[in-house]
$ cat target-v5.txt   # compact mmCIF, C-alpha atoms
# COMPACT_ATOMS: atom_id res chain seq x y z
CA MET A 63 -70.38 90.18 51.80
CA ALA A 64 -70.86 86.82 50.07
CA LEU A 65 -67.99 84.35 50.11
CA ILE A 66 -66.64 84.17 46.55
CA LYS A 67 -63.74 81.74 46.36
CA SER A 68 -61.44 80.52 43.60
CA VAL A 69 -60.38 76.88 43.61
CA ARG A 70 -58.26 74.74 41.25
CA GLY A 71 -57.64 77.83 39.09
CA PHE A 72 -61.35 78.54 38.57
CA SER A 73 -62.94 81.78 39.75
CA PRO A 74 -66.69 82.44 39.80
CA LYS A 75 -68.10 84.71 37.08
CA ILE A 76 -71.08 86.80 38.05
CA GLY A 77 -73.36 88.68 35.63
CA LYS A 78 -74.99 92.09 35.88
CA ASN A 79 -77.63 93.06 38.41
CA VAL A 80 -77.01 90.01 40.60
CA PHE A 81 -77.88 89.97 44.30
CA LEU A 82 -75.65 87.82 46.50
CA ALA A 83 -76.80 87.54 50.12
CA ASP A 84 -74.18 88.30 52.76
CA ASN A 85 -73.61 84.64 53.61
CA ALA A 86 -74.11 83.05 50.19
CA THR A 87 -71.14 80.95 49.06
CA ILE A 88 -70.02 80.88 45.41
CA ILE A 89 -67.03 78.66 44.70
CA GLY A 90 -64.87 77.72 41.71
CA ASP A 91 -66.13 76.97 38.20
CA THR A 92 -69.45 78.75 38.64
CA GLU A 93 -71.05 81.19 36.19
CA ILE A 94 -74.14 83.20 37.12
CA GLY A 95 -76.10 85.11 34.45
CA ASP A 96 -77.79 88.50 34.70
CA ASP A 97 -80.70 89.46 37.00
CA CYS A 98 -80.12 86.53 39.36
CA SER A 99 -80.34 86.30 43.13
CA ILE A 100 -78.50 83.90 45.42
CA TRP A 101 -80.05 83.99 48.88
CA PHE A 102 -78.96 83.46 52.47
CA ASN A 103 -76.97 80.30 53.23
CA ALA A 104 -77.13 79.13 49.60
CA VAL A 105 -74.00 77.26 48.47
CA LEU A 106 -72.93 76.94 44.82
CA ARG A 107 -69.92 74.66 45.04
CA GLY A 108 -68.23 74.53 41.64
CA ASP A 109 -65.10 72.91 43.04
CA VAL A 110 -65.27 69.48 41.38
CA ASN A 111 -67.13 70.41 38.18
CA SER A 112 -68.96 73.32 36.53
CA ILE A 113 -72.14 75.12 37.49
CA ARG A 114 -73.78 77.27 34.78
CA ILE A 115 -76.75 79.45 35.65
CA GLY A 116 -78.76 81.44 33.09
CA ASN A 117 -80.54 84.77 33.48
CA LYS A 118 -83.32 85.65 35.95
CA VAL A 119 -82.67 82.70 38.23
CA ASN A 120 -83.27 82.78 41.97
CA ILE A 121 -81.64 80.26 44.28
CA GLN A 122 -83.37 80.59 47.60
CA ASP A 123 -82.18 80.28 51.18
CA GLY A 124 -80.30 77.15 52.21
CA SER A 125 -80.09 75.56 48.77
CA VAL A 126 -77.00 73.57 47.82
CA LEU A 127 -75.72 73.02 44.27
CA HIS A 128 -72.88 70.53 43.71
CA THR A 129 -71.67 67.96 41.17
CA LEU A 130 -69.73 64.71 40.79
CA TYR A 131 -66.03 64.99 39.99
CA GLN A 132 -65.54 64.49 36.23
CA LYS A 133 -69.01 62.94 35.92
CA SER A 134 -71.76 65.53 36.22
CA THR A 135 -72.31 69.26 35.83
CA ILE A 136 -75.13 71.65 36.66
CA GLU A 137 -76.88 73.63 33.94
CA ILE A 138 -79.76 75.91 34.87
CA GLY A 139 -81.63 77.76 32.12
CA ASN A 140 -83.40 81.11 32.27
CA ASN A 141 -86.32 82.18 34.45
CA VAL A 142 -85.88 79.42 37.03
CA SER A 143 -86.81 79.44 40.71
CA ILE A 144 -85.00 77.08 43.07
CA GLY A 145 -86.98 76.99 46.33
CA HIS A 146 -85.70 77.08 49.90
CA ASN A 147 -83.47 74.18 51.01
CA VAL A 148 -83.30 72.52 47.60
CA THR A 149 -80.40 70.22 46.74
CA ILE A 150 -79.38 69.99 43.10
CA HIS A 151 -76.57 67.55 42.39
CA GLY A 152 -75.30 67.40 38.81
CA ALA A 153 -78.59 68.04 37.00
CA LYS A 154 -79.85 70.05 34.04
CA ILE A 155 -82.79 72.39 34.62
CA GLU A 156 -84.24 73.89 31.45
CA ASP A 157 -85.99 77.28 31.09
CA ASN A 158 -89.11 78.34 33.01
CA VAL A 159 -88.97 75.81 35.82
CA LEU A 160 -89.94 75.86 39.49
CA ILE A 161 -88.18 73.49 41.88
CA GLY A 162 -90.26 73.41 45.08
CA ILE A 163 -89.10 73.85 48.65
CA GLY A 164 -86.95 71.03 49.99
CA ALA A 165 -86.78 69.06 46.74
CA THR A 166 -83.72 66.96 45.87
CA VAL A 167 -82.69 66.64 42.21
CA LEU A 168 -79.89 64.12 41.65
CA ASP A 169 -77.18 63.56 39.03
CA HIS A 170 -78.01 63.34 35.33
CA VAL A 171 -81.61 64.46 35.81
CA VAL A 172 -83.07 66.66 33.08
CA VAL A 173 -86.00 68.86 34.08
CA GLY A 174 -87.83 69.91 30.92
CA SER A 175 -89.00 73.47 30.34
CA ASN A 176 -92.23 74.84 31.80
CA SER A 177 -92.25 72.19 34.51
CA ILE A 178 -92.70 72.07 38.26
CA VAL A 179 -91.01 69.74 40.73
CA ALA A 180 -93.21 69.76 43.83
CA ALA A 181 -91.94 70.55 47.33
CA ASN A 182 -90.02 67.76 49.09
CA SER A 183 -89.83 65.60 45.97
CA LEU A 184 -86.88 63.29 45.35
CA VAL A 185 -85.94 63.15 41.66
CA LEU A 186 -83.76 60.06 41.23
CA SER A 187 -80.58 60.00 39.13
CA GLY A 188 -81.15 59.83 35.40
CA THR A 189 -84.83 60.87 35.50
CA LYS A 190 -86.06 62.81 32.47
CA ILE A 191 -88.87 65.15 33.49
CA GLU A 192 -91.05 65.91 30.51
CA PRO A 193 -91.60 69.53 29.52
CA ASN A 194 -94.97 70.97 30.62
CA SER A 195 -95.47 68.59 33.52
CA ILE A 196 -95.64 68.38 37.29
CA TYR A 197 -93.63 65.76 39.16
CA ALA A 198 -94.08 65.02 42.86
CA GLY A 199 -93.30 62.44 45.52
CA VAL A 200 -90.54 60.18 46.78
CA PRO A 201 -89.41 59.08 44.32
CA ALA A 202 -90.86 61.78 42.08
CA LYS A 203 -93.36 60.62 39.49
CA LYS A 204 -95.36 62.49 36.89
CA VAL A 205 -98.56 63.83 38.41
CA LYS A 206 -100.01 65.49 35.33
CA ASP A 207 -99.43 67.44 32.16
CA ILE A 208 -99.95 71.18 32.28
CA GLU A 209 -100.35 73.83 29.65
CA PRO A 210 -97.30 76.12 29.28
CA GLU A 211 -99.53 79.12 30.08
CA GLN A 212 -100.40 77.62 33.48
CA THR A 213 -96.79 77.25 34.57
CA LYS A 214 -95.65 80.43 32.90
CA GLU A 215 -97.90 82.59 35.05
CA MET A 216 -96.76 81.02 38.34
CA ILE A 217 -93.11 80.68 37.38
CA ASN A 218 -92.91 84.24 36.00
CA LYS A 219 -94.60 85.63 39.10
CA ILE A 220 -92.09 83.97 41.44
CA ALA A 221 -89.08 84.93 39.31
CA ASN A 222 -90.31 88.54 39.05
CA ASN A 223 -90.99 88.70 42.79
CA TYR A 224 -87.43 87.59 43.51
CA LEU A 225 -86.09 90.36 41.27
CA MET A 226 -88.12 92.77 43.37
CA TYR A 227 -86.99 91.25 46.69
CA ALA A 228 -83.36 91.50 45.61
CA GLU A 229 -83.81 95.24 44.98
CA TRP A 230 -84.83 95.69 48.61
CA TYR A 231 -81.35 94.59 49.70
CA LYS A 232 -79.31 96.77 47.35

$ encode --input "target-v5.txt" --output "C-alpha cells"
Amino acid sequence: MALIKSVRGFSPKIGKNVFLADNATIIGDTEIGDDCSIWFNAVLRGDVNSIRIGNKVNIQDGSVLHTLYQKSTIEIGNNVSIGHNVTIHGAKIEDNVLIGIGATVLDHVVVGSNSIVAANSLVLSGTKIEPNSIYAGVPAKKVKDIEPEQTKEMINKIANNYLMYAEWYK
C-alpha cells in the first residue's frame, strides 16, 4: 500500500479512481484529482508547501515533486503526463502537457498548455514555456511551435494509456 502521510496538520486528499502504486509516497498538503495514477517510487512531498494535481494526470515511476518553503508551489492541470524520473520543483504545468523522461523543471517555471518538454531537458527557474511549443536541451530552449492537434493526439494517447495501465493493477 502507498505511503500516505500527514505532516504539519496537512493530510493528502485523493480523488476518485486514482491508482497509487504500492511504494508511491504522498505527503502533506497534496491534492490529487480524479482518474490519476501515481507510479512506483514516485514521491509527492507536500511537506513545505502545496501540491495540486488536476484530473487524468499520470506521474510515472521515480518522479519527485517538491517545493520551496513559503516560496513556491506545484500546480498541475488536467491531462498531463509526467515521465519516468522527472523532477518538478515548485512549477506550474498547465493542461495537456507531456514532460519527458528524466526532465527537471525548476521553481517558478510555467509550462503552457499543449506543450512538450523533451526527455532529459533542464527547465531553469522562472522560464515561461509558451503554449503549443516544444522545449528541449540543457538548459531547455524552444525548439519549435506545434499545432495543438499535434500535441493533443500524443498527449491524449499517453494519458489514456496510463488510465488503462492503472486498471491492470486494481

$ residues_around --input "target-v5.txt" --residues "region 171-179 of chain A" --least-positions-apart "3" --cutoff "8 Å" --atoms "only C-alpha atoms" --output "PyMOL selection string"
chain A and resi 152-162+165+167-168+183+185-198+210+213-214

$ atom_distance --input "target-v5.txt" --atom1 "CA of Phe102 (chain A)" --atom2 "CA of Phe81 (chain A)"
10.5 Å

$ closest_residue --input "target-v5.txt" --among "A:Ser99, A:Ser68, A:Asn85, A:Ser143" --to "Trp230 (chain A)" --atoms "all atoms listed in the file"
A:Ser99

$ residues_around --input "target-v5.txt" --residues "region 112-125 of chain A" --least-positions-apart "2" --cutoff "9 Å" --atoms "all atoms listed in the file" --output "MDAnalysis selection string"
chainID A and resid 77 80 86 90:110 127:129 134:150 152 157 163:164 220:222 224:225

$ atom_distance --input "target-v5.txt" --atom1 "CA of Tyr227 (chain A)" --atom2 "CA of Asp84 (chain A)"
14.5 Å

$ atom_distance --input "target-v5.txt" --atom1 "CA of Lys78 (chain A)" --atom2 "CA of Lys219 (chain A)"
20.9 Å

$ closest_residue --input "target-v5.txt" --among "A:Asp169, A:Val126, A:Gly199, A:Leu82" --to "Ile66 (chain A)" --atoms "all atoms listed in the file"
A:Leu82

$ decode --input "target-v5.txt" --residues "region 80-152 of chain A" --atoms "C-alpha atoms" --output "mmCIF file, in the first residue's frame"
data_model
loop_
_atom_site.group_PDB
_atom_site.id
_atom_site.type_symbol
_atom_site.label_atom_id
_atom_site.label_comp_id
_atom_site.auth_asym_id
_atom_site.auth_seq_id
_atom_site.Cartn_x
_atom_site.Cartn_y
_atom_site.Cartn_z
ATOM 1 C CA VAL A 80 -6.866 7.030 -8.527
ATOM 2 C CA PHE A 81 -4.178 4.356 -8.722
ATOM 3 C CA LEU A 82 -1.379 4.637 -6.166
ATOM 4 C CA ALA A 83 1.461 2.151 -6.652
ATOM 5 C CA ASP A 84 2.453 0.138 -3.593
ATOM 6 C CA ASN A 85 5.569 2.197 -2.929
ATOM 7 C CA ALA A 86 4.387 5.631 -4.049
ATOM 8 C CA THR A 87 4.753 8.296 -1.360
ATOM 9 C CA ILE A 88 2.139 11.047 -0.914
ATOM 10 C CA ILE A 89 2.870 13.515 1.873
ATOM 11 C CA GLY A 90 1.215 16.556 3.454
ATOM 12 C CA ASP A 91 -0.537 19.357 1.569
ATOM 13 C CA THR A 92 -1.114 17.345 -1.592
ATOM 14 C CA GLU A 93 -4.356 17.122 -3.570
ATOM 15 C CA ILE A 94 -4.781 14.641 -6.416
ATOM 16 C CA GLY A 95 -7.763 14.885 -8.800
ATOM 17 C CA ASP A 96 -9.800 12.098 -10.371
ATOM 18 C CA ASP A 97 -8.548 9.428 -12.808
ATOM 19 C CA CYS A 98 -4.897 9.912 -11.857
ATOM 20 C CA SER A 99 -2.093 7.422 -11.403
ATOM 21 C CA ILE A 100 0.984 7.760 -9.218
ATOM 22 C CA TRP A 101 3.504 5.071 -10.121
ATOM 23 C CA PHE A 102 6.243 3.095 -8.408
ATOM 24 C CA ASN A 103 8.785 5.059 -6.358
ATOM 25 C CA ALA A 104 7.115 8.391 -7.177
ATOM 26 C CA VAL A 105 7.297 10.916 -4.325
ATOM 27 C CA LEU A 106 4.869 13.831 -3.936
ATOM 28 C CA ARG A 107 6.286 15.694 -0.964
ATOM 29 C CA GLY A 108 3.831 18.391 0.093
ATOM 30 C CA ASP A 109 5.588 18.981 3.401
ATOM 31 C CA VAL A 110 6.889 22.524 2.891
ATOM 32 C CA ASN A 111 4.228 23.852 0.503
ATOM 33 C CA SER A 112 1.226 22.711 -1.560
ATOM 34 C CA ILE A 113 0.980 20.338 -4.490
ATOM 35 C CA ARG A 114 -2.231 20.491 -6.556
ATOM 36 C CA ILE A 115 -2.833 17.946 -9.299
ATOM 37 C CA GLY A 116 -5.786 18.055 -11.707
ATOM 38 C CA ASN A 117 -7.673 15.200 -13.346
ATOM 39 C CA LYS A 118 -6.265 12.475 -15.621
ATOM 40 C CA VAL A 119 -2.657 13.052 -14.616
ATOM 41 C CA ASN A 120 -0.056 10.308 -14.536
ATOM 42 C CA ILE A 121 3.144 10.690 -12.557
ATOM 43 C CA GLN A 122 5.420 7.914 -13.654
ATOM 44 C CA ASP A 123 7.990 5.787 -11.850
ATOM 45 C CA GLY A 124 10.701 7.527 -9.859
ATOM 46 C CA SER A 125 9.425 11.078 -10.290
ATOM 47 C CA VAL A 126 9.818 13.566 -7.442
ATOM 48 C CA LEU A 127 7.600 16.600 -6.826
ATOM 49 C CA HIS A 128 8.648 19.120 -4.168
ATOM 50 C CA THR A 129 8.568 22.871 -3.461
ATOM 51 C CA LEU A 130 10.387 25.683 -1.663
ATOM 52 C CA TYR A 131 9.207 26.552 1.834
ATOM 53 C CA GLN A 132 6.891 29.596 1.635
ATOM 54 C CA LYS A 133 8.186 30.432 -1.851
ATOM 55 C CA SER A 134 6.875 28.025 -4.475
ATOM 56 C CA THR A 135 4.016 25.592 -5.033
ATOM 57 C CA ILE A 136 3.223 22.950 -7.626
ATOM 58 C CA GLU A 137 0.131 23.217 -9.808
ATOM 59 C CA ILE A 138 -0.505 20.575 -12.444
ATOM 60 C CA GLY A 139 -3.513 20.927 -14.748
ATOM 61 C CA ASN A 140 -5.584 18.226 -16.425
ATOM 62 C CA ASN A 141 -4.487 15.559 -18.889
ATOM 63 C CA VAL A 142 -0.788 15.766 -18.035
ATOM 64 C CA SER A 143 1.859 13.051 -18.287
ATOM 65 C CA ILE A 144 4.960 13.315 -16.118
ATOM 66 C CA GLY A 145 7.520 10.835 -17.485
ATOM 67 C CA HIS A 146 9.780 8.455 -15.587
ATOM 68 C CA ASN A 147 12.350 10.022 -13.236
ATOM 69 C CA VAL A 148 11.150 13.594 -13.699
ATOM 70 C CA THR A 149 11.850 16.205 -11.032
ATOM 71 C CA ILE A 150 9.368 19.045 -10.674
ATOM 72 C CA HIS A 151 10.278 21.640 -8.069
ATOM 73 C CA GLY A 152 7.754 24.416 -7.466
#
